[in-house]
Amino acid sequence: MISGAVRDELIARYSEPHRRYHTMTHIEDCLAQVAASTDMDDQQRALMDAAIWFHDAIYDASRADNEAESAKLAAERLSAAGAEQPFINEVSRLILLTAGHSVQADDVIGDGLVSIDLSILGAEADRYDAYAADIRHEYAHVPEPLCSLTRSGPNGSKRRPGQT
């Protein structure tokens, strides 16, 4: 469903110079995880692919409406491509879930998307460290003490989950 001019537009967006982590590498990694999944039917896979392609399409780390704007862009582009409204609505809903990464217990596809989007948090140390540096670059406008407070654990630790 994501092809031609829309694909080119999204690739251009993910190549914007202010991006370090939220790039095509992130999208390709997420798409590869969907492709490797054995617990999705074709409809779920199509929804996940579309949501992944669009979920960070609008990205400005100084704004709080990136996901909402990305969902609007997805709805516009998918509608123009002839997608059915229920499909568009579900893709938009999935994109909006990536704003807070919180899903209902029975939302299997939403949980899958959020888990894939956040999978970098469980990556090996080198990949995680590169992610952390890239995110810090994207949030360079946030003073270090504030950034450190908002990205540390509840006890102030900066350890990764599972790290001793």
# chains A, B, ... in the order shown; residues from 1 in each chain; ligands from 1
call {"tool": "residues_around", "arguments": {"residues": "A:Tyr21", "least_positions_apart": "3", "cutoff": "10 Å", "atoms": "only C-alpha atoms", "output": "PDB file with N, CA, C and O atoms, in the first residue's frame"}}
result
ATOM      1  N   TYR A  14      11.866  10.974   6.449  1.00  0.00           N
ATOM      2  CA  TYR A  14      12.750  10.258   7.374  1.00  0.00           C
ATOM      3  C   TYR A  14      14.224  10.579   7.135  1.00  0.00           C
ATOM      4  O   TYR A  14      15.074  10.186   7.930  1.00  0.00           O
ATOM      5  N   HIS A  18      17.434  17.044  10.709  1.00  0.00           N
ATOM      6  CA  HIS A  18      17.348  17.123  12.169  1.00  0.00           C
ATOM      7  C   HIS A  18      17.137  15.758  12.825  1.00  0.00           C
ATOM      8  O   HIS A  18      17.211  15.637  14.033  1.00  0.00           O
ATOM      9  N   MET A  24      14.971   6.401   8.389  1.00  0.00           N
ATOM     10  CA  MET A  24      14.589   5.192   7.659  1.00  0.00           C
ATOM     11  C   MET A  24      15.171   3.944   8.320  1.00  0.00           C
ATOM     12  O   MET A  24      14.576   2.874   8.228  1.00  0.00           O
ATOM     13  N   THR A  25      16.282   4.059   8.997  1.00  0.00           N
ATOM     14  CA  THR A  25      16.849   2.897   9.687  1.00  0.00           C
ATOM     15  C   THR A  25      15.863   2.379  10.729  1.00  0.00           C
ATOM     16  O   THR A  25      15.640   1.163  10.838  1.00  0.00           O
ATOM     17  N   HIS A  26      15.255   3.289  11.490  1.00  0.00           N
ATOM     18  CA  HIS A  26      14.242   2.899  12.483  1.00  0.00           C
ATOM     19  C   HIS A  26      13.048   2.253  11.779  1.00  0.00           C
ATOM     20  O   HIS A  26      12.557   1.200  12.218  1.00  0.00           O
ATOM     21  N   ILE A  27      12.587   2.853  10.692  1.00  0.00           N
ATOM     22  CA  ILE A  27      11.436   2.310   9.970  1.00  0.00           C
ATOM     23  C   ILE A  27      11.768   0.932   9.403  1.00  0.00           C
ATOM     24  O   ILE A  27      10.975  -0.017   9.540  1.00  0.00           O
ATOM     25  N   ALA A 130      23.917   3.915  20.956  1.00  0.00           N
ATOM     26  CA  ALA A 130      23.777   4.750  19.753  1.00  0.00           C
ATOM     27  C   ALA A 130      22.404   5.407  19.728  1.00  0.00           C
ATOM     28  O   ALA A 130      22.276   6.598  19.414  1.00  0.00           O
ATOM     29  N   TYR A 131      21.364   4.651  20.084  1.00  0.00           N
ATOM     30  CA  TYR A 131      20.011   5.199  20.167  1.00  0.00           C
ATOM     31  C   TYR A 131      19.965   6.357  21.167  1.00  0.00           C
ATOM     32  O   TYR A 131      19.440   7.438  20.871  1.00  0.00           O
ATOM     33  N   ALA A 132      20.519   6.147  22.357  1.00  0.00           N
ATOM     34  CA  ALA A 132      20.489   7.182  23.392  1.00  0.00           C
ATOM     35  C   ALA A 132      21.205   8.443  22.923  1.00  0.00           C
ATOM     36  O   ALA A 132      20.720   9.561  23.147  1.00  0.00           O
ATOM     37  N   ALA A 133      22.330   8.291  22.253  1.00  0.00           N
ATOM     38  CA  ALA A 133      23.060   9.458  21.734  1.00  0.00           C
ATOM     39  C   ALA A 133      22.256  10.154  20.646  1.00  0.00           C
ATOM     40  O   ALA A 133      22.202  11.394  20.598  1.00  0.00           O
ATOM     41  N   ASP A 134      21.611   9.380  19.783  1.00  0.00           N
ATOM     42  CA  ASP A 134      20.797   9.969  18.715  1.00  0.00           C
ATOM     43  C   ASP A 134      19.593  10.715  19.279  1.00  0.00           C
ATOM     44  O   ASP A 134      19.256  11.806  18.815  1.00  0.00           O
ATOM     45  N   ILE A 135      18.943  10.142  20.272  1.00  0.00           N
ATOM     46  CA  ILE A 135      17.795  10.811  20.903  1.00  0.00           C
ATOM     47  C   ILE A 135      18.256  12.085  21.597  1.00  0.00           C
ATOM     48  O   ILE A 135      17.611  13.133  21.502  1.00  0.00           O
ATOM     49  N   ARG A 136      19.395  12.013  22.263  1.00  0.00           N
ATOM     50  CA  ARG A 136      19.910  13.224  22.933  1.00  0.00           C
ATOM     51  C   ARG A 136      20.172  14.318  21.910  1.00  0.00           C
ATOM     52  O   ARG A 136      19.888  15.483  22.156  1.00  0.00           O
ATOM     53  N   HIS A 137      20.671  13.951  20.734  1.00  0.00           N
ATOM     54  CA  HIS A 137      20.905  14.934  19.673  1.00  0.00           C
ATOM     55  C   HIS A 137      19.578  15.534  19.205  1.00  0.00           C
ATOM     56  O   HIS A 137      19.475  16.743  19.008  1.00  0.00           O
ATOM     57  N   GLU A 138      18.565  14.682  19.028  1.00  0.00           N
ATOM     58  CA  GLU A 138      17.262  15.182  18.586  1.00  0.00           C
ATOM     59  C   GLU A 138      16.631  16.101  19.627  1.00  0.00           C
ATOM     60  O   GLU A 138      15.871  17.001  19.285  1.00  0.00           O
TER      61      GLU A 138
END
call {"tool": "select_by_dssp", "arguments": {"residues": "stretch 85-136 of chain A", "states": "helix (DSSP H, G or I)", "output": "NGL selection string"}}
result
:A and (85-97 or 108-117 or 119-122 or 125-136)
call {"tool": "closest_residue", "arguments": {"among": "A:Ala64, A:Ala83, A:Met40, A:Leu73", "to": "A:Gly100", "atoms": "only C-alpha atoms"}}
result
A:Ala64
call {"tool": "atom_distance", "arguments": {"atom1": "atom CA of A:Thr98", "atom2": "atom CA of A:Leu113"}}
result
8.0 Å
call {"tool": "decode", "arguments": {"residues": "stretch 88-111 of chain A", "atoms": "N, CA, C and O atoms", "output": "PDB file, in the first residue's frame"}}
result
ATOM      1  N   ILE A  88      -8.071   3.024   7.224  1.00  0.00           N
ATOM      2  CA  ILE A  88      -7.491   4.335   7.538  1.00  0.00           C
ATOM      3  C   ILE A  88      -7.669   4.654   9.011  1.00  0.00           C
ATOM      4  O   ILE A  88      -6.733   5.106   9.688  1.00  0.00           O
ATOM      5  N   ASN A  89      -8.866   4.416   9.528  1.00  0.00           N
ATOM      6  CA  ASN A  89      -9.143   4.702  10.940  1.00  0.00           C
ATOM      7  C   ASN A  89      -8.248   3.885  11.865  1.00  0.00           C
ATOM      8  O   ASN A  89      -7.751   4.394  12.867  1.00  0.00           O
ATOM      9  N   GLU A  90      -8.042   2.613  11.524  1.00  0.00           N
ATOM     10  CA  GLU A  90      -7.212   1.763  12.377  1.00  0.00           C
ATOM     11  C   GLU A  90      -5.746   2.164  12.300  1.00  0.00           C
ATOM     12  O   GLU A  90      -5.049   2.191  13.315  1.00  0.00           O
ATOM     13  N   VAL A  91      -5.262   2.505  11.116  1.00  0.00           N
ATOM     14  CA  VAL A  91      -3.878   2.980  10.997  1.00  0.00           C
ATOM     15  C   VAL A  91      -3.696   4.247  11.827  1.00  0.00           C
ATOM     16  O   VAL A  91      -2.719   4.379  12.577  1.00  0.00           O
ATOM     17  N   SER A  92      -4.647   5.152  11.735  1.00  0.00           N
ATOM     18  CA  SER A  92      -4.563   6.396  12.516  1.00  0.00           C
ATOM     19  C   SER A  92      -4.566   6.105  14.011  1.00  0.00           C
ATOM     20  O   SER A  92      -3.785   6.690  14.772  1.00  0.00           O
ATOM     21  N   ARG A  93      -5.429   5.201  14.446  1.00  0.00           N
ATOM     22  CA  ARG A  93      -5.483   4.833  15.862  1.00  0.00           C
ATOM     23  C   ARG A  93      -4.152   4.258  16.322  1.00  0.00           C
ATOM     24  O   ARG A  93      -3.629   4.620  17.389  1.00  0.00           O
ATOM     25  N   LEU A  94      -3.583   3.391  15.506  1.00  0.00           N
ATOM     26  CA  LEU A  94      -2.297   2.786  15.861  1.00  0.00           C
ATOM     27  C   LEU A  94      -1.199   3.842  15.968  1.00  0.00           C
ATOM     28  O   LEU A  94      -0.399   3.815  16.905  1.00  0.00           O
ATOM     29  N   ILE A  95      -1.159   4.755  15.030  1.00  0.00           N
ATOM     30  CA  ILE A  95      -0.152   5.823  15.082  1.00  0.00           C
ATOM     31  C   ILE A  95      -0.296   6.623  16.369  1.00  0.00           C
ATOM     32  O   ILE A  95       0.696   6.934  17.036  1.00  0.00           O
ATOM     33  N   LEU A  96      -1.530   6.943  16.734  1.00  0.00           N
ATOM     34  CA  LEU A  96      -1.759   7.728  17.950  1.00  0.00           C
ATOM     35  C   LEU A  96      -1.293   6.989  19.201  1.00  0.00           C
ATOM     36  O   LEU A  96      -0.894   7.630  20.183  1.00  0.00           O
ATOM     37  N   LEU A  97      -1.317   5.664  19.185  1.00  0.00           N
ATOM     38  CA  LEU A  97      -0.826   4.899  20.333  1.00  0.00           C
ATOM     39  C   LEU A  97       0.657   5.142  20.590  1.00  0.00           C
ATOM     40  O   LEU A  97       1.122   5.023  21.724  1.00  0.00           O
ATOM     41  N   THR A  98       1.407   5.485  19.542  1.00  0.00           N
ATOM     42  CA  THR A  98       2.846   5.682  19.721  1.00  0.00           C
ATOM     43  C   THR A  98       3.165   6.994  20.435  1.00  0.00           C
ATOM     44  O   THR A  98       4.321   7.214  20.795  1.00  0.00           O
ATOM     45  N   ALA A  99       2.158   7.818  20.681  1.00  0.00           N
ATOM     46  CA  ALA A  99       2.393   9.054  21.437  1.00  0.00           C
ATOM     47  C   ALA A  99       2.730   8.745  22.895  1.00  0.00           C
ATOM     48  O   ALA A  99       3.647   9.333  23.457  1.00  0.00           O
ATOM     49  N   GLY A 100       1.998   7.840  23.504  1.00  0.00           N
ATOM     50  CA  GLY A 100       2.231   7.523  24.910  1.00  0.00           C
ATOM     51  C   GLY A 100       2.656   6.090  25.135  1.00  0.00           C
ATOM     52  O   GLY A 100       2.987   5.703  26.253  1.00  0.00           O
ATOM     53  N   HIS A 101       2.624   5.293  24.076  1.00  0.00           N
ATOM     54  CA  HIS A 101       3.015   3.886  24.142  1.00  0.00           C
ATOM     55  C   HIS A 101       2.247   3.126  25.214  1.00  0.00           C
ATOM     56  O   HIS A 101       2.774   2.260  25.887  1.00  0.00           O
ATOM     57  N   SER A 102       0.972   3.473  25.359  1.00  0.00           N
ATOM     58  CA  SER A 102       0.098   2.810  26.316  1.00  0.00           C
ATOM     59  C   SER A 102      -1.060   2.178  25.551  1.00  0.00           C
ATOM     60  O   SER A 102      -1.704   2.850  24.743  1.00  0.00           O
ATOM     61  N   VAL A 103      -1.318   0.908  25.809  1.00  0.00           N
ATOM     62  CA  VAL A 103      -2.385   0.199  25.099  1.00  0.00           C
ATOM     63  C   VAL A 103      -3.270  -0.560  26.082  1.00  0.00           C
ATOM     64  O   VAL A 103      -2.824  -0.905  27.190  1.00  0.00           O
ATOM     65  N   GLN A 104      -4.477  -0.827  25.663  1.00  0.00           N
ATOM     66  CA  GLN A 104      -5.400  -1.651  26.443  1.00  0.00           C
ATOM     67  C   GLN A 104      -4.899  -3.099  26.431  1.00  0.00           C
ATOM     68  O   GLN A 104      -4.277  -3.548  25.466  1.00  0.00           O
ATOM     69  N   ALA A 105      -5.213  -3.830  27.473  1.00  0.00           N
ATOM     70  CA  ALA A 105      -4.737  -5.207  27.614  1.00  0.00           C
ATOM     71  C   ALA A 105      -5.178  -6.104  26.457  1.00  0.00           C
ATOM     72  O   ALA A 105      -4.449  -7.010  26.069  1.00  0.00           O
ATOM     73  N   ASP A 106      -6.331  -5.848  25.867  1.00  0.00           N
ATOM     74  CA  ASP A 106      -6.844  -6.714  24.795  1.00  0.00           C
ATOM     75  C   ASP A 106      -6.508  -6.203  23.392  1.00  0.00           C
ATOM     76  O   ASP A 106      -6.982  -6.748  22.403  1.00  0.00           O
ATOM     77  N   ASP A 107      -5.675  -5.192  23.299  1.00  0.00           N
ATOM     78  CA  ASP A 107      -5.315  -4.596  22.001  1.00  0.00           C
ATOM     79  C   ASP A 107      -4.053  -5.275  21.464  1.00  0.00           C
ATOM     80  O   ASP A 107      -2.942  -4.777  21.609  1.00  0.00           O
ATOM     81  N   VAL A 108      -4.237  -6.419  20.845  1.00  0.00           N
ATOM     82  CA  VAL A 108      -3.108  -7.229  20.396  1.00  0.00           C
ATOM     83  C   VAL A 108      -2.278  -6.490  19.345  1.00  0.00           C
ATOM     84  O   VAL A 108      -1.046  -6.423  19.444  1.00  0.00           O
ATOM     85  N   ILE A 109      -2.918  -5.917  18.345  1.00  0.00           N
ATOM     86  CA  ILE A 109      -2.154  -5.244  17.287  1.00  0.00           C
ATOM     87  C   ILE A 109      -1.517  -3.955  17.806  1.00  0.00           C
ATOM     88  O   ILE A 109      -0.380  -3.632  17.460  1.00  0.00           O
ATOM     89  N   GLY A 110      -2.217  -3.231  18.667  1.00  0.00           N
ATOM     90  CA  GLY A 110      -1.631  -2.032  19.265  1.00  0.00           C
ATOM     91  C   GLY A 110      -0.425  -2.367  20.112  1.00  0.00           C
ATOM     92  O   GLY A 110       0.609  -1.692  20.062  1.00  0.00           O
ATOM     93  N   ASP A 111      -0.534  -3.441  20.887  1.00  0.00           N
ATOM     94  CA  ASP A 111       0.589  -3.887  21.706  1.00  0.00           C
ATOM     95  C   ASP A 111       1.767  -4.288  20.824  1.00  0.00           C
ATOM     96  O   ASP A 111       2.917  -3.988  21.137  1.00  0.00           O
TER      97      ASP A 111
END
